[in-house]
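Visitor: For reference, the file target.pdb (PDB, C-alpha atoms, pLDDT in the B column) is included below:
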```pdb
MODEL        1
ATOM      1  CA  MET N   1       0.000   0.000   0.000  1.00 64.00           C
ATOM      2  CA  ASP N   2       1.507   3.295  -1.096  1.00 78.00           C
ATOM      3  CA  VAL N   3       0.799   6.821   0.041  1.00 87.00           C
ATOM      4  CA  ILE N   4      -0.645   9.394  -2.309  1.00 92.00           C
ATOM      5  CA  MET N   5       1.077  12.777  -2.376  1.00 94.00           C
ATOM      6  CA  GLU N   6      -0.152  15.956  -3.974  1.00 96.00           C
ATOM      7  CA  THR N   7       1.799  19.186  -3.904  1.00 97.00           C
ATOM      8  CA  ARG N   8       0.295  22.627  -4.353  1.00 97.00           C
ATOM      9  CA  THR N   9       1.037  26.241  -3.476  1.00 97.00           C
ATOM     10  CA  GLU N  10      -1.041  28.366  -1.099  1.00 96.00           C
ATOM     11  CA  GLY N  11       0.419  31.860  -0.744  1.00 94.00           C
ATOM     12  CA  PRO N  12       3.958  31.519   0.596  1.00 96.00           C
ATOM     13  CA  TRP N  13       3.336  27.888   1.542  1.00 98.00           C
ATOM     14  CA  THR N  14       4.096  24.762  -0.402  1.00 98.00           C
ATOM     15  CA  VAL N  15       1.467  22.318   0.798  1.00 98.00           C
ATOM     16  CA  VAL N  16       2.044  18.590   0.479  1.00 98.00           C
ATOM     17  CA  VAL N  17      -1.180  16.662   0.953  1.00 98.00           C
ATOM     18  CA  VAL N  18      -0.672  13.053   1.940  1.00 98.00           C
ATOM     19  CA  ALA N  19      -3.253  10.280   1.954  1.00 97.00           C
ATOM     20  CA  GLY N  20      -2.798   6.751   3.245  1.00 96.00           C
ATOM     21  CA  GLU N  21      -0.802   5.061   5.974  1.00 96.00           C
ATOM     22  CA  LEU N  22       2.730   6.106   6.877  1.00 97.00           C
ATOM     23  CA  ASP N  23       5.087   3.403   8.052  1.00 95.00           C
ATOM     24  CA  LEU N  24       8.523   1.878   7.527  1.00 92.00           C
ATOM     25  CA  HIS N  25       7.694   1.214   3.891  1.00 95.00           C
ATOM     26  CA  THR N  26       5.778   4.316   2.865  1.00 95.00           C
ATOM     27  CA  SER N  27       7.500   7.109   4.788  1.00 94.00           C
ATOM     28  CA  PRO N  28      10.851   7.083   2.883  1.00 94.00           C
ATOM     29  CA  PRO N  29       9.256   8.230  -0.415  1.00 95.00           C
ATOM     30  CA  LEU N  30       7.518  11.050   1.483  1.00 96.00           C
ATOM     31  CA  ARG N  31      10.778  12.021   3.198  1.00 96.00           C
ATOM     32  CA  ASP N  32      12.599  12.039  -0.143  1.00 96.00           C
ATOM     33  CA  HIS N  33       9.892  14.214  -1.697  1.00 97.00           C
ATOM     34  CA  LEU N  34      10.010  16.711   1.159  1.00 97.00           C
ATOM     35  CA  LEU N  35      13.810  16.823   1.152  1.00 97.00           C
ATOM     36  CA  GLU N  36      13.759  17.406  -2.585  1.00 97.00           C
ATOM     37  CA  LEU N  37      11.434  20.379  -2.091  1.00 98.00           C
ATOM     38  CA  ILE N  38      13.637  21.781   0.667  1.00 98.00           C
ATOM     39  CA  GLN N  39      16.747  21.241  -1.409  1.00 97.00           C
ATOM     40  CA  GLY N  40      14.977  23.072  -4.233  1.00 97.00           C
ATOM     41  CA  GLY N  41      14.526  26.156  -2.078  1.00 97.00           C
ATOM     42  CA  VAL N  42      11.128  25.681  -0.448  1.00 97.00           C
ATOM     43  CA  ASP N  43      11.267  27.330   2.977  1.00 96.00           C
ATOM     44  CA  HIS N  44       7.571  27.363   3.959  1.00 98.00           C
ATOM     45  CA  LEU N  45       6.473  23.773   3.883  1.00 98.00           C
ATOM     46  CA  ALA N  46       3.117  22.511   5.144  1.00 98.00           C
ATOM     47  CA  LEU N  47       2.462  18.804   5.411  1.00 98.00           C
ATOM     48  CA  ASP N  48      -1.277  18.113   5.347  1.00 98.00           C
ATOM     49  CA  LEU N  49      -1.903  14.867   7.228  1.00 98.00           C
ATOM     50  CA  THR N  50      -5.692  15.178   7.320  1.00 97.00           C
ATOM     51  CA  LYS N  51      -6.062  12.033   5.215  1.00 97.00           C
ATOM     52  CA  VAL N  52      -3.382  10.054   7.031  1.00 97.00           C
ATOM     53  CA  ASP N  53      -5.058   7.660   9.435  1.00 93.00           C
ATOM     54  CA  PHE N  54      -1.950   5.786  10.540  1.00 96.00           C
ATOM     55  CA  MET N  55       1.617   6.805  11.331  1.00 96.00           C
ATOM     56  CA  ASP N  56       4.361   4.867  13.110  1.00 94.00           C
ATOM     57  CA  SER N  57       7.683   5.876  14.622  1.00 92.00           C
ATOM     58  CA  SER N  58       9.547   5.278  11.348  1.00 90.00           C
ATOM     59  CA  SER N  59       7.534   8.127   9.918  1.00 92.00           C
ATOM     60  CA  LEU N  60       8.459  10.323  12.871  1.00 91.00           C
ATOM     61  CA  GLY N  61      12.104   9.840  11.994  1.00 90.00           C
ATOM     62  CA  SER N  62      11.411  11.019   8.460  1.00 92.00           C
ATOM     63  CA  LEU N  63       9.524  14.085   9.680  1.00 95.00           C
ATOM     64  CA  VAL N  64      12.259  15.007  12.138  1.00 94.00           C
ATOM     65  CA  THR N  65      14.864  14.714   9.370  1.00 94.00           C
ATOM     66  CA  CYS N  66      12.860  17.136   7.233  1.00 96.00           C
ATOM     67  CA  LEU N  67      12.272  19.514  10.134  1.00 96.00           C
ATOM     68  CA  LYS N  68      15.972  19.612  10.912  1.00 95.00           C
ATOM     69  CA  ARG N  69      16.894  20.200   7.286  1.00 96.00           C
ATOM     70  CA  ILE N  70      14.428  23.052   6.744  1.00 97.00           C
ATOM     71  CA  ARG N  71      15.377  24.737  10.027  1.00 96.00           C
ATOM     72  CA  GLU N  72      19.019  24.683   8.939  1.00 96.00           C
ATOM     73  CA  ARG N  73      17.819  26.916   6.122  1.00 95.00           C
ATOM     74  CA  ASP N  74      15.758  29.115   8.449  1.00 96.00           C
ATOM     75  CA  GLY N  75      12.576  27.677   6.978  1.00 97.00           C
ATOM     76  CA  ARG N  76       9.402  26.355   8.560  1.00 97.00           C
ATOM     77  CA  LEU N  77       7.692  22.989   8.462  1.00 98.00           C
ATOM     78  CA  VAL N  78       4.123  22.935   9.735  1.00 98.00           C
ATOM     79  CA  LEU N  79       1.968  19.855  10.194  1.00 98.00           C
ATOM     80  CA  VAL N  80      -1.675  20.278   9.236  1.00 98.00           C
ATOM     81  CA  GLY N  81      -4.772  18.345  10.293  1.00 98.00           C
ATOM     82  CA  VAL N  82      -3.063  15.810  12.522  1.00 98.00           C
ATOM     83  CA  GLY N  83      -5.484  13.500  14.308  1.00 96.00           C
ATOM     84  CA  GLY N  84      -6.035   9.929  15.438  1.00 94.00           C
ATOM     85  CA  THR N  85      -3.017   7.643  15.618  1.00 94.00           C
ATOM     86  CA  PRO N  86      -0.602  10.203  14.093  1.00 96.00           C
ATOM     87  CA  MET N  87      -1.439  12.678  16.875  1.00 96.00           C
ATOM     88  CA  LYS N  88      -1.150   9.961  19.503  1.00 94.00           C
ATOM     89  CA  VAL N  89       2.320   9.010  18.250  1.00 94.00           C
ATOM     90  CA  LEU N  90       3.417  12.649  18.261  1.00 95.00           C
ATOM     91  CA  THR N  91       2.047  13.164  21.756  1.00 94.00           C
ATOM     92  CA  LEU N  92       3.505   9.981  23.258  1.00 91.00           C
ATOM     93  CA  THR N  93       6.944  10.864  21.956  1.00 89.00           C
ATOM     94  CA  GLY N  94       6.689  14.520  22.986  1.00 91.00           C
ATOM     95  CA  LEU N  95       7.188  15.638  19.403  1.00 93.00           C
ATOM     96  CA  ASP N  96       3.869  17.477  19.440  1.00 95.00           C
ATOM     97  CA  ARG N  97       5.860  20.161  21.275  1.00 94.00           C
ATOM     98  CA  VAL N  98       8.590  20.199  18.653  1.00 95.00           C
ATOM     99  CA  PHE N  99       6.470  20.538  15.519  1.00 96.00           C
ATOM    100  CA  ASP N 100       4.224  23.458  14.674  1.00 97.00           C
ATOM    101  CA  ILE N 101       0.751  21.947  14.232  1.00 98.00           C
ATOM    102  CA  VAL N 102      -2.377  23.630  12.874  1.00 98.00           C
ATOM    103  CA  GLY N 103      -5.870  22.309  12.229  1.00 97.00           C
ATOM    104  CA  SER N 104      -6.214  23.272   8.579  1.00 97.00           C
ATOM    105  CA  THR N 105      -4.330  25.062   5.827  1.00 96.00           C
ATOM    106  CA  ALA N 106      -6.535  28.110   6.503  1.00 96.00           C
ATOM    107  CA  GLU N 107      -4.653  28.467   9.790  1.00 97.00           C
ATOM    108  CA  LEU N 108      -1.219  28.650   8.188  1.00 96.00           C
ATOM    109  CA  PRO N 109       0.531  31.909   9.052  1.00 91.00           C
ATOM    110  CA  ALA N 110       0.482  34.537   6.317  1.00 87.00           C
ATOM    111  CA  SER N 111       4.270  34.587   6.225  1.00 71.00           C
TER     112      SER N 111
ATOM    113  CA  MET Y   1      -9.868 -20.322  22.570  1.00 82.00           C
ATOM    114  CA  GLU Y   2      -9.868 -19.164  18.979  1.00 91.00           C
ATOM    115  CA  ARG Y   3      -6.540 -18.872  17.237  1.00 94.00           C
ATOM    116  CA  LEU Y   4      -5.785 -16.957  14.062  1.00 96.00           C
ATOM    117  CA  ALA Y   5      -2.432 -16.134  12.499  1.00 95.00           C
ATOM    118  CA  ILE Y   6      -0.803 -14.331   9.626  1.00 95.00           C
ATOM    119  CA  ARG Y   7       2.783 -14.793   8.489  1.00 94.00           C
ATOM    120  CA  ILE Y   8       4.531 -12.134   6.437  1.00 94.00           C
ATOM    121  CA  PRO Y   9       7.875 -12.230   4.613  1.00 93.00           C
ATOM    122  CA  PRO Y  10      10.633 -10.069   6.142  1.00 90.00           C
ATOM    123  CA  GLY Y  11       9.848  -7.022   4.024  1.00 91.00           C
ATOM    124  CA  SER Y  12       8.520  -3.631   5.031  1.00 92.00           C
ATOM    125  CA  ALA Y  13       5.852  -3.708   2.308  1.00 94.00           C
ATOM    126  CA  HIS Y  14       4.021  -6.484   4.127  1.00 95.00           C
ATOM    127  CA  VAL Y  15       3.566  -4.778   7.485  1.00 96.00           C
ATOM    128  CA  ALA Y  16       0.343  -3.149   6.249  1.00 96.00           C
ATOM    129  CA  SER Y  17      -1.135  -6.653   5.947  1.00 97.00           C
ATOM    130  CA  VAL Y  18      -0.458  -7.201   9.646  1.00 97.00           C
ATOM    131  CA  ARG Y  19      -2.301  -3.984  10.469  1.00 97.00           C
ATOM    132  CA  ALA Y  20      -5.284  -5.093   8.401  1.00 97.00           C
ATOM    133  CA  PHE Y  21      -5.292  -8.494  10.114  1.00 98.00           C
ATOM    134  CA  VAL Y  22      -5.044  -7.080  13.634  1.00 97.00           C
ATOM    135  CA  GLY Y  23      -7.726  -4.487  12.886  1.00 97.00           C
ATOM    136  CA  ALA Y  24     -10.126  -7.106  11.527  1.00 97.00           C
ATOM    137  CA  VAL Y  25      -9.653  -9.393  14.521  1.00 96.00           C
ATOM    138  CA  GLY Y  26     -10.069  -6.544  16.998  1.00 95.00           C
ATOM    139  CA  ARG Y  27     -13.275  -5.317  15.359  1.00 95.00           C
ATOM    140  CA  ARG Y  28     -14.788  -8.787  15.218  1.00 93.00           C
ATOM    141  CA  LEU Y  29     -14.096  -9.213  18.925  1.00 93.00           C
ATOM    142  CA  GLY Y  30     -15.716  -5.896  19.787  1.00 92.00           C
ATOM    143  CA  CYS Y  31     -12.578  -4.042  20.888  1.00 94.00           C
ATOM    144  CA  SER Y  32     -12.900  -0.258  20.991  1.00 93.00           C
ATOM    145  CA  GLU Y  33     -11.567   1.687  18.023  1.00 94.00           C
ATOM    146  CA  GLU Y  34      -8.929   3.209  20.283  1.00 94.00           C
ATOM    147  CA  THR Y  35      -7.738  -0.223  21.386  1.00 95.00           C
ATOM    148  CA  ILE Y  36      -7.708  -1.390  17.774  1.00 96.00           C
ATOM    149  CA  ASP Y  37      -5.638   1.647  16.748  1.00 96.00           C
ATOM    150  CA  ASP Y  38      -3.196   0.930  19.567  1.00 96.00           C
ATOM    151  CA  LEU Y  39      -2.902  -2.753  18.641  1.00 97.00           C
ATOM    152  CA  ARG Y  40      -2.295  -1.855  14.988  1.00 97.00           C
ATOM    153  CA  LEU Y  41       0.407   0.564  16.076  1.00 96.00           C
ATOM    154  CA  VAL Y  42       2.286  -1.834  18.364  1.00 95.00           C
ATOM    155  CA  ALA Y  43       2.021  -4.641  15.804  1.00 96.00           C
ATOM    156  CA  THR Y  44       3.531  -2.302  13.217  1.00 95.00           C
ATOM    157  CA  GLU Y  45       6.299  -1.186  15.571  1.00 92.00           C
ATOM    158  CA  ALA Y  46       7.200  -4.745  16.570  1.00 91.00           C
ATOM    159  CA  CYS Y  47       7.218  -6.032  12.987  1.00 92.00           C
ATOM    160  CA  ALA Y  48       9.215  -3.013  11.803  1.00 90.00           C
ATOM    161  CA  GLN Y  49      11.752  -3.524  14.564  1.00 85.00           C
ATOM    162  CA  ALA Y  50      12.217  -7.187  13.681  1.00 85.00           C
ATOM    163  CA  ILE Y  51      12.614  -6.314  10.003  1.00 86.00           C
ATOM    164  CA  GLU Y  52      15.015  -3.431  10.678  1.00 83.00           C
ATOM    165  CA  GLU Y  53      17.153  -5.536  13.004  1.00 77.00           C
ATOM    166  CA  ARG Y  54      17.140  -8.344  10.427  1.00 73.00           C
ATOM    167  CA  VAL Y  55      16.202 -10.867  13.085  1.00 71.00           C
ATOM    168  CA  ALA Y  56      13.257 -12.206  11.093  1.00 73.00           C
ATOM    169  CA  ASP Y  57      14.971 -14.106   8.279  1.00 80.00           C
ATOM    170  CA  ASP Y  58      11.980 -16.374   7.900  1.00 84.00           C
ATOM    171  CA  GLY Y  59       9.388 -13.662   8.302  1.00 90.00           C
ATOM    172  CA  VAL Y  60       7.145 -12.583  11.143  1.00 93.00           C
ATOM    173  CA  GLU Y  61       4.181 -14.519  12.435  1.00 93.00           C
ATOM    174  CA  VAL Y  62       1.444 -12.548  14.150  1.00 95.00           C
ATOM    175  CA  ARG Y  63      -0.984 -14.634  16.184  1.00 95.00           C
ATOM    176  CA  THR Y  64      -4.172 -13.818  17.989  1.00 96.00           C
ATOM    177  CA  LEU Y  65      -5.711 -16.021  20.646  1.00 95.00           C
ATOM    178  CA  SER Y  66      -9.081 -15.005  21.999  1.00 94.00           C
ATOM    179  CA  ASP Y  67     -11.932 -16.097  24.175  1.00 91.00           C
ATOM    180  CA  ASP Y  68     -14.981 -14.215  25.410  1.00 86.00           C
ATOM    181  CA  HIS Y  69     -12.897 -12.125  27.768  1.00 91.00           C
ATOM    182  CA  ARG Y  70      -9.458 -11.429  26.347  1.00 94.00           C
ATOM    183  CA  LEU Y  71      -7.485 -11.046  23.148  1.00 96.00           C
ATOM    184  CA  LEU Y  72      -3.858 -12.094  23.228  1.00 96.00           C
ATOM    185  CA  LEU Y  73      -1.669 -10.687  20.451  1.00 96.00           C
ATOM    186  CA  GLU Y  74       1.716 -12.281  19.774  1.00 94.00           C
ATOM    187  CA  ILE Y  75       4.321 -10.956  17.338  1.00 94.00           C
ATOM    188  CA  ASP Y  76       6.860 -13.663  16.638  1.00 92.00           C
ATOM    189  CA  PRO Y  77       9.885 -13.036  14.389  1.00 88.00           C
ATOM    190  CA  SER Y  78      11.039 -16.353  12.918  1.00 77.00           C
ATOM    191  CA  GLY Y  79      14.593 -17.134  12.068  1.00 59.00           C
ATOM    192  CA  SER Y  80      17.908 -18.205  13.470  1.00 52.00           C
ATOM    193  CA  PHE Y  81      19.060 -15.356  15.661  1.00 49.00           C
ATOM    194  CA  GLU Y  82      22.765 -14.728  15.310  1.00 52.00           C
ATOM    195  CA  ARG Y  83      22.521 -12.257  18.167  1.00 51.00           C
ATOM    196  CA  PRO Y  84      19.823 -11.464  20.691  1.00 47.00           C
ATOM    197  CA  PRO Y  85      17.228  -9.126  19.208  1.00 48.00           C
ATOM    198  CA  ASP Y  86      17.289  -5.723  20.830  1.00 50.00           C
ATOM    199  CA  GLY Y  87      13.531  -5.717  21.239  1.00 46.00           C
ATOM    200  CA  LEU Y  88      12.128  -5.024  24.679  1.00 43.00           C
ATOM    201  CA  ASP Y  89      14.887  -6.858  26.472  1.00 42.00           C
ATOM    202  CA  GLY Y  90      15.567  -4.196  29.061  1.00 40.00           C
ATOM    203  CA  PHE Y  91      19.196  -3.810  28.071  1.00 39.00           C
ATOM    204  CA  ALA Y  92      18.989  -2.083  24.738  1.00 39.00           C
ATOM    205  CA  GLY Y  93      18.750   1.656  24.433  1.00 39.00           C
ATOM    206  CA  ARG Y  94      15.279   2.997  25.010  1.00 47.00           C
ATOM    207  CA  SER Y  95      14.175   3.245  21.434  1.00 75.00           C
ATOM    208  CA  THR Y  96      11.184   5.196  20.267  1.00 83.00           C
ATOM    209  CA  ARG Y  97       9.523   1.952  19.236  1.00 84.00           C
ATOM    210  CA  ARG Y  98      10.011   0.499  22.673  1.00 82.00           C
ATOM    211  CA  ALA Y  99       8.735   3.672  24.313  1.00 83.00           C
ATOM    212  CA  LEU Y 100       5.592   3.602  22.192  1.00 88.00           C
ATOM    213  CA  ILE Y 101       4.881  -0.065  22.876  1.00 90.00           C
ATOM    214  CA  GLU Y 102       5.424   0.274  26.606  1.00 87.00           C
ATOM    215  CA  GLY Y 103       3.555   3.561  26.700  1.00 88.00           C
ATOM    216  CA  LEU Y 104       0.477   2.093  25.079  1.00 92.00           C
ATOM    217  CA  PHE Y 105       0.648  -1.305  26.779  1.00 93.00           C
ATOM    218  CA  PRO Y 106       2.613  -1.148  30.052  1.00 91.00           C
ATOM    219  CA  ASP Y 107       1.907  -4.857  30.616  1.00 92.00           C
ATOM    220  CA  ALA Y 108       3.469  -5.891  27.305  1.00 92.00           C
ATOM    221  CA  GLU Y 109       5.696  -8.941  27.761  1.00 90.00           C
ATOM    222  CA  PHE Y 110       8.817  -9.646  25.774  1.00 85.00           C
ATOM    223  CA  ASP Y 111      10.215 -13.165  25.639  1.00 81.00           C
ATOM    224  CA  ARG Y 112      13.931 -12.499  25.207  1.00 73.00           C
ATOM    225  CA  GLU Y 113      14.811 -16.021  24.187  1.00 73.00           C
ATOM    226  CA  ARG Y 114      12.285 -16.206  21.360  1.00 74.00           C
ATOM    227  CA  ALA Y 115      11.950 -12.460  20.745  1.00 78.00           C
ATOM    228  CA  VAL Y 116       8.171 -12.760  20.998  1.00 88.00           C
ATOM    229  CA  LEU Y 117       6.110  -9.753  22.056  1.00 91.00           C
ATOM    230  CA  ARG Y 118       2.828 -10.516  23.840  1.00 94.00           C
ATOM    231  CA  ILE Y 119       0.024  -8.105  24.540  1.00 95.00           C
ATOM    232  CA  SER Y 120      -3.296  -8.923  26.149  1.00 95.00           C
ATOM    233  CA  VAL Y 121      -6.413  -6.725  26.052  1.00 94.00           C
ATOM    234  CA  PRO Y 122      -9.980  -7.229  27.265  1.00 92.00           C
ATOM    235  CA  VAL Y 123     -12.705  -7.817  24.694  1.00 89.00           C
ATOM    236  CA  SER Y 124     -16.430  -7.283  24.865  1.00 75.00           C
ATOM    237  CA  ARG Y 125     -17.736  -9.930  22.472  1.00 63.00           C
ATOM    238  CA  SER Y 126     -21.437 -10.540  23.020  1.00 55.00           C
TER     239      SER Y 126
ENDMDL
END
```
Take the structure in the file and give it back as structure tokens.

Guide:
Amino acid sequence: MDVIMETRTEGPWTVVVVAGELDLHTSPPLRDHLLELIQGGVDHLALDLTKVDFMDSSSLGSLVTCLKRIRERDGRLVLVGVGGTPMKVLTLTGLDRVFDIVGSTAELPAS
Amino acid sequence: MERLAIRIPPGSAHVASVRAFVGAVGRRLGCSEETIDDLRLVATEACAQAIEERVADDGVEVRTLSDDHRLLLEIDPSGSFERPPDGLDGFAGRSTRRALIEGLFPDAEFDRERAVLRISVPVSRS
């Protein structure tokens, strides 16, 4: 089972919408896509997880890698629409305090 | 006691099948959606750990044993272990996977010799 990724622009933000389940198998392609965007100069990156109903700790590793990389470039990575198991995993690991999390793309900061 | 099992090859692409299996069993037994989500998560973490550590040369067998009161979930990596799996053996570094499993199921048992993880939850089958 693969994840579906769609990338669009909303104001200053590059929004990557993900659908599916993120695990050991499916998170590396997402990580590679995000790193490619960051490498390409994207510094306002929003990851919309509204349609992600499962996420394991392998996926956390991928997200932390991307967060670290974009912060090295003074950029921002915001998680959008996190709920269910993904939110539980973030909370249990304390990473909900590390990532910026908003409910929807409408809540993304203007700059 | 009712016993069901699924065996997957030692590849990350197959872990989703374990989640589907565990979810189906949990729903049929009347477990809450939260419990089912937690079981799917720990099954994924345990399978992923076995695959990452390459201790499951012959794959991973996931078994469920249930009666009217409890569901027992066992995750059993199969293979000839050249070294003890890190797993939940109490000596390895406190990995994120381990923290998640123990955080969700503090009573989780890890059989060091066989590297089998066991988790038991109540069910409400009518």

Visitor: Just to confirm, what's the straight-line distance from atom CA of N:Thr65 to atom CA of N:Ser104 in Å (one decimal)?

Guide: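 About the pair atom CA of N:Thr65 and atom CA of N:Ser104: they are 22.8 Å apart.
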
Visitor: Which one of Y:Pro122, Y:Pro77, Y:Gly59, Y:Gly26 sits closest to Y:Gly11 if you count only C-alpha atoms?

Guide: Y:Gly59

Visitor: Got a sec to pull out which chain N residues are within 8 Å of chain Y, counting only C-alpha atoms, and send them as a PyMOL selection string?

Guide: chain N and resi 1+23-25+54-57+85+89+92-93

Visitor: For N:Gly11, which residue out of N:Pro109, N:Gly94, N:Gly75, N:Gly81 is the nearest one, using all atoms listed in the file?

Guide: N:Pro109

Visitor: Could you jot down the atom CA of N:Thr7 to atom CA of N:Val52 separation for me, Å, one decimal place?

Guide: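 Calculated distance between atom CA of N:Thr7 and atom CA of N:Val52 is 15.2 Å.
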
Visitor: Find the residues around N:Thr50 up to 12 Å (all atoms listed in the file counted), leave out those fewer than 4 positions away in its own chain, and share them as a list in words.

Guide: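 Near neighbours after the sequence-gap exclusion: Val16, Val17, Val18, Ala19, Gly20, Glu21, Ala46, Phe54, Met55, Leu79, Val80, Gly81, Val82, Gly83, Gly84, Thr85, Pro86, Met87, Ile101, Val102, Gly103, Ser104 and Thr105 of chain N.
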
Visitor: For each of N:Leu37, N:Val98, N:Leu60, N:Ala110, take the minimum atom-to-atom distance to N:Leu22, counting all atoms listed in the file, then give the residue where this is smallest.

Guide: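 Of N:Leu37, N:Val98, N:Leu60, N:Ala110, the one nearest N:Leu22 is N:Leu60, counting all atoms listed in the file.
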
Visitor: Would you translate the PyMOL selection byres ((chain Y and resi 1) around 7) into the concrete set of residues it matches in this file, as number ranges by chain?

Guide: Y: 2-3, 65-67

Visitor: So that I can check the surroundings of Y:Leu71, please list as a list in words every protein, DNA and RNA residue that reaches within 12 Å of it, counting all atoms listed in the file and ignoring chain neighbours fewer than 4 positions away.

Guide: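 Counting only the stated atoms, we get Met1, Glu2, Arg3, Leu4, Val22, Val25, Gly26, Arg27, Arg28, Leu29, Gly30, Cys31, Thr35, Ile36, Leu39, Arg63, Thr64, Leu65, Ser66, Asp67, Arg118, Ile119, Ser120, Val121, Pro122, Val123, Ser124 and Arg125 of chain Y.
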
Visitor: Ranking N:Asp32, N:Glu10, N:Asp48, N:Asp100 by minimum distance to N:Arg76 and counting all atoms listed in the file, which one comes first?

Guide: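 Using all atoms listed in the file, the shortest distance to N:Arg76 belongs to N:Asp100.
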
Visitor: Just how far from atom CA of Y:Glu113 is atom CA of Y:Leu72, in Å to one decimal?

Guide: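 Distance reported for this atom pair: 19.1 Å.
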
Visitor: Convert the output of the PyMOL selection byres ((chain N and resi 66) around 10) on the shown file into explicit residues, formatted as a VMD selection string.

Guide: chain N and resid 30 to 38 45 60 to 65 67 to 72 76 to 77

Visitor: Take the residues that were just selected and, keeping C-alpha atoms, output them as a PDB file, keeping the file's coordinate frame.

Guide:
```
ATOM      1  CA  LEU N  30       7.518  11.050   1.483  1.00 96.00           C
ATOM      2  CA  ARG N  31      10.778  12.021   3.198  1.00 96.00           C
ATOM      3  CA  ASP N  32      12.599  12.039  -0.143  1.00 96.00           C
ATOM      4  CA  HIS N  33       9.892  14.214  -1.697  1.00 97.00           C
ATOM      5  CA  LEU N  34      10.010  16.711   1.159  1.00 97.00           C
ATOM      6  CA  LEU N  35      13.810  16.823   1.152  1.00 97.00           C
ATOM      7  CA  GLU N  36      13.759  17.406  -2.585  1.00 97.00           C
ATOM      8  CA  LEU N  37      11.434  20.379  -2.091  1.00 98.00           C
ATOM      9  CA  ILE N  38      13.637  21.781   0.667  1.00 98.00           C
ATOM     10  CA  LEU N  45       6.473  23.773   3.883  1.00 98.00           C
ATOM     11  CA  LEU N  60       8.459  10.323  12.871  1.00 91.00           C
ATOM     12  CA  GLY N  61      12.104   9.840  11.994  1.00 90.00           C
ATOM     13  CA  SER N  62      11.411  11.019   8.460  1.00 92.00           C
ATOM     14  CA  LEU N  63       9.524  14.085   9.680  1.00 95.00           C
ATOM     15  CA  VAL N  64      12.259  15.007  12.138  1.00 94.00           C
ATOM     16  CA  THR N  65      14.864  14.714   9.370  1.00 94.00           C
ATOM     17  CA  LEU N  67      12.272  19.514  10.134  1.00 96.00           C
ATOM     18  CA  LYS N  68      15.972  19.612  10.912  1.00 95.00           C
ATOM     19  CA  ARG N  69      16.894  20.200   7.286  1.00 96.00           C
ATOM     20  CA  ILE N  70      14.428  23.052   6.744  1.00 97.00           C
ATOM     21  CA  ARG N  71      15.377  24.737  10.027  1.00 96.00           C
ATOM     22  CA  GLU N  72      19.019  24.683   8.939  1.00 96.00           C
ATOM     23  CA  ARG N  76       9.402  26.355   8.560  1.00 97.00           C
ATOM     24  CA  LEU N  77       7.692  22.989   8.462  1.00 98.00           C
TER      25      LEU N  77
END
```

Visitor: What do you get, as a list of chain:residue names, if you spell out every residue that the PyMOL selection byres ((chain Y and resi 116) around 9) selects here?

Guide: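 Applied to this file, the PyMOL selection byres ((chain Y and resi 116) around 9) selects Y:Glu74, Y:Ile75, Y:Asp76, Y:Pro77, Y:Gly87, Y:Glu109, Y:Phe110, Y:Asp111, Y:Arg112, Y:Glu113, Y:Arg114, Y:Ala115, Y:Leu117, Y:Arg118.
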
Visitor: Looking at Y:Ser78, Y:Arg7, Y:Gly23, Y:Ile101, which one is nearest to Y:Val55, with distances taken over all atoms listed in the file?

Guide: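 Result for the nearest residue to Y:Val55: Y:Ser78.
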
Visitor: Using only C-alpha atoms, which residue out of Y:Val60, Y:Ile6, Y:His69, Y:Glu33 lies closest to Y:Ala46?

Guide: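 Under the stated criterion, the closest residue is Y:Val60.
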